[in-house]
>>> print(open('final27.pdb').read())   # PDB, C-alpha atoms
MODEL        1
ATOM      1  CA  MET A  10       0.000   0.000   0.000
ATOM      2  CA  ASP A  11       3.023   2.289   0.393
ATOM      3  CA  TRP A  12       3.213   2.669  -3.369
ATOM      4  CA  LEU A  13      -0.229   4.263  -3.328
ATOM      5  CA  THR A  14       0.368   6.720  -0.511
ATOM      6  CA  GLY A  15       3.989   7.540  -1.289
ATOM      7  CA  GLY A  16       5.276   5.653   1.738
ATOM      8  CA  LYS A  17       7.112   7.403   4.509
ATOM      9  CA  GLN A  18       8.440  10.094   2.163
ATOM     10  CA  GLY A  19       4.901  10.962   1.126
ATOM     11  CA  GLU A  20       3.824  11.052   4.753
ATOM     12  CA  ALA A  21       6.755  13.329   5.604
ATOM     13  CA  LYS A  22       5.861  15.754   2.800
ATOM     14  CA  ARG A  23       2.251  15.830   3.972
ATOM     15  CA  LEU A  24       3.341  16.565   7.537
ATOM     16  CA  VAL A  25       5.762  19.308   6.417
ATOM     17  CA  ALA A  26       2.888  20.981   4.578
ATOM     18  CA  GLN A  27       0.821  20.856   7.788
ATOM     19  CA  LEU A  28       3.486  22.809   9.683
ATOM     20  CA  THR A  29       2.163  25.988   8.056
ATOM     21  CA  ASP A  30      -1.188  25.521   9.832
ATOM     22  CA  ALA A  31      -0.852  26.581  13.477
ATOM     23  CA  THR A  32      -3.704  24.268  14.530
ATOM     24  CA  LYS A  33      -1.963  21.201  13.048
ATOM     25  CA  ARG A  34       1.644  22.206  13.761
ATOM     26  CA  ASP A  35       2.209  20.260  17.006
ATOM     27  CA  ALA A  36       0.787  17.013  15.656
ATOM     28  CA  ALA A  37       2.737  17.400  12.411
ATOM     29  CA  ALA A  38       5.981  18.046  14.288
ATOM     30  CA  ARG A  39       5.439  14.952  16.439
ATOM     31  CA  GLY A  40       4.744  12.910  13.325
ATOM     32  CA  LEU A  41       7.937  14.118  11.674
ATOM     33  CA  LEU A  42       9.956  13.320  14.770
ATOM     34  CA  ASP A  43       8.423   9.830  14.814
ATOM     35  CA  LEU A  44       9.502   9.333  11.188
ATOM     36  CA  GLY A  45      13.055  10.308  12.133
ATOM     37  CA  ALA A  46      15.544   9.909   9.288
ATOM     38  CA  GLU A  47      12.723   9.378   6.784
ATOM     39  CA  ALA A  48      11.569  12.965   7.401
ATOM     40  CA  VAL A  49      14.947  14.617   6.792
ATOM     41  CA  PRO A  50      14.736  14.966   2.969
ATOM     42  CA  ALA A  51      11.250  16.471   3.229
ATOM     43  CA  LEU A  52      12.515  18.997   5.805
ATOM     44  CA  LEU A  53      15.630  20.055   3.903
ATOM     45  CA  ASP A  54      13.820  21.613   0.925
ATOM     46  CA  PRO A  55      11.674  23.987   3.019
ATOM     47  CA  LEU A  56      14.806  25.426   4.645
ATOM     48  CA  GLN A  57      14.908  27.809   1.666
ATOM     49  CA  THR A  58      11.758  29.563   2.885
ATOM     50  CA  HIS A  59      11.668  33.301   3.447
ATOM     51  CA  ASP A  60       9.193  32.911   6.309
ATOM     52  CA  LEU A  61      11.434  33.194   9.354
ATOM     53  CA  ASN A  62       8.755  31.800  11.674
ATOM     54  CA  LEU A  63       8.552  28.584   9.671
ATOM     55  CA  LEU A  64      12.306  28.434   9.217
ATOM     56  CA  SER A  65      12.830  28.200  12.958
ATOM     57  CA  ILE A  66      10.251  25.396  13.170
ATOM     58  CA  TYR A  67      12.001  23.396  10.437
ATOM     59  CA  GLU A  68      15.353  23.943  12.152
ATOM     60  CA  GLN A  69      14.029  22.882  15.551
ATOM     61  CA  ILE A  70      12.602  19.655  14.179
ATOM     62  CA  LEU A  71      15.795  18.833  12.266
ATOM     63  CA  ALA A  72      17.862  19.527  15.375
ATOM     64  CA  ARG A  73      15.872  16.883  17.262
ATOM     65  CA  ILE A  74      16.521  14.197  14.627
ATOM     66  CA  PRO A  75      20.030  12.864  15.341
ATOM     67  CA  SER A  76      20.466  11.291  11.905
ATOM     68  CA  ALA A  77      19.886  14.677  10.207
ATOM     69  CA  SER A  78      23.364  16.000  11.062
ATOM     70  CA  PRO A  79      25.204  14.458   8.066
ATOM     71  CA  SER A  80      22.596  15.857   5.650
ATOM     72  CA  LEU A  81      22.971  19.345   7.030
TER
ENDMDL
END
>>> encode(input="final27.pdb", output="structure tokens")
Amino acid sequence: MDWLTGGKQGEAKRLVAQLTDATKRDAAARGLLDLGAEAVPALLDPLQTHDLNLLSIYEQILARIPSASPSL
């Protein structure tokens, strides 16, 4: 069934998109942390954002994923 939903990468992208919604932000952040290393690629692209509020959220989540360090 992963092929249909995009697997963990698809889930990570969906959760990253939810970070922009303040009402869904906490749940999305927890979901990304649960995905761990699988969420790193989906979090690296949004680091180019000009929205400084969102940038700090992306950075905080990446900082809490130990396996993200080599990618950064």
>>> residues_around(input="final27.pdb", residues="A:Pro55", least_positions_apart="4", cutoff="9 Å", atoms="all atoms listed in the file", output="JSON, numbers by chain")
{"A": [25, 51, 63, 64, 67]}
>>> resolve_selection(input="final27.pdb", expression="the PyMOL selection byres ((chain A and resi 31-48) around 8)", output="VMD selection string")
chain A and resid 17 to 18 21 to 22 24 to 25 27 to 30 49 to 52 70 73 to 74 76 to 77
>>> atom_distance(input="final27.pdb", atom1="atom CA of A:Asp60", atom2="atom CA of A:Gly16")
27.9 Å
>>> atom_distance(input="final27.pdb", atom1="atom CA of A:Glu68", atom2="atom CA of A:Glu20")
18.8 Å
>>> axis_aligned_box(input="final27.pdb", around="stretch 45-50 of chain A", padding_each_side="4 Å", output="lines of an AutoDock Vina configuration file")
center_x = 13.6
center_y = 12.2
center_z = 7.6
size_x = 12.0
size_y = 13.6
size_z = 17.2
>>> closest_residue(input="final27.pdb", among="A:Leu61, A:Leu53, A:Ile66, A:Ala26", to="A:Pro79", atoms="only C-alpha atoms")
A:Leu53
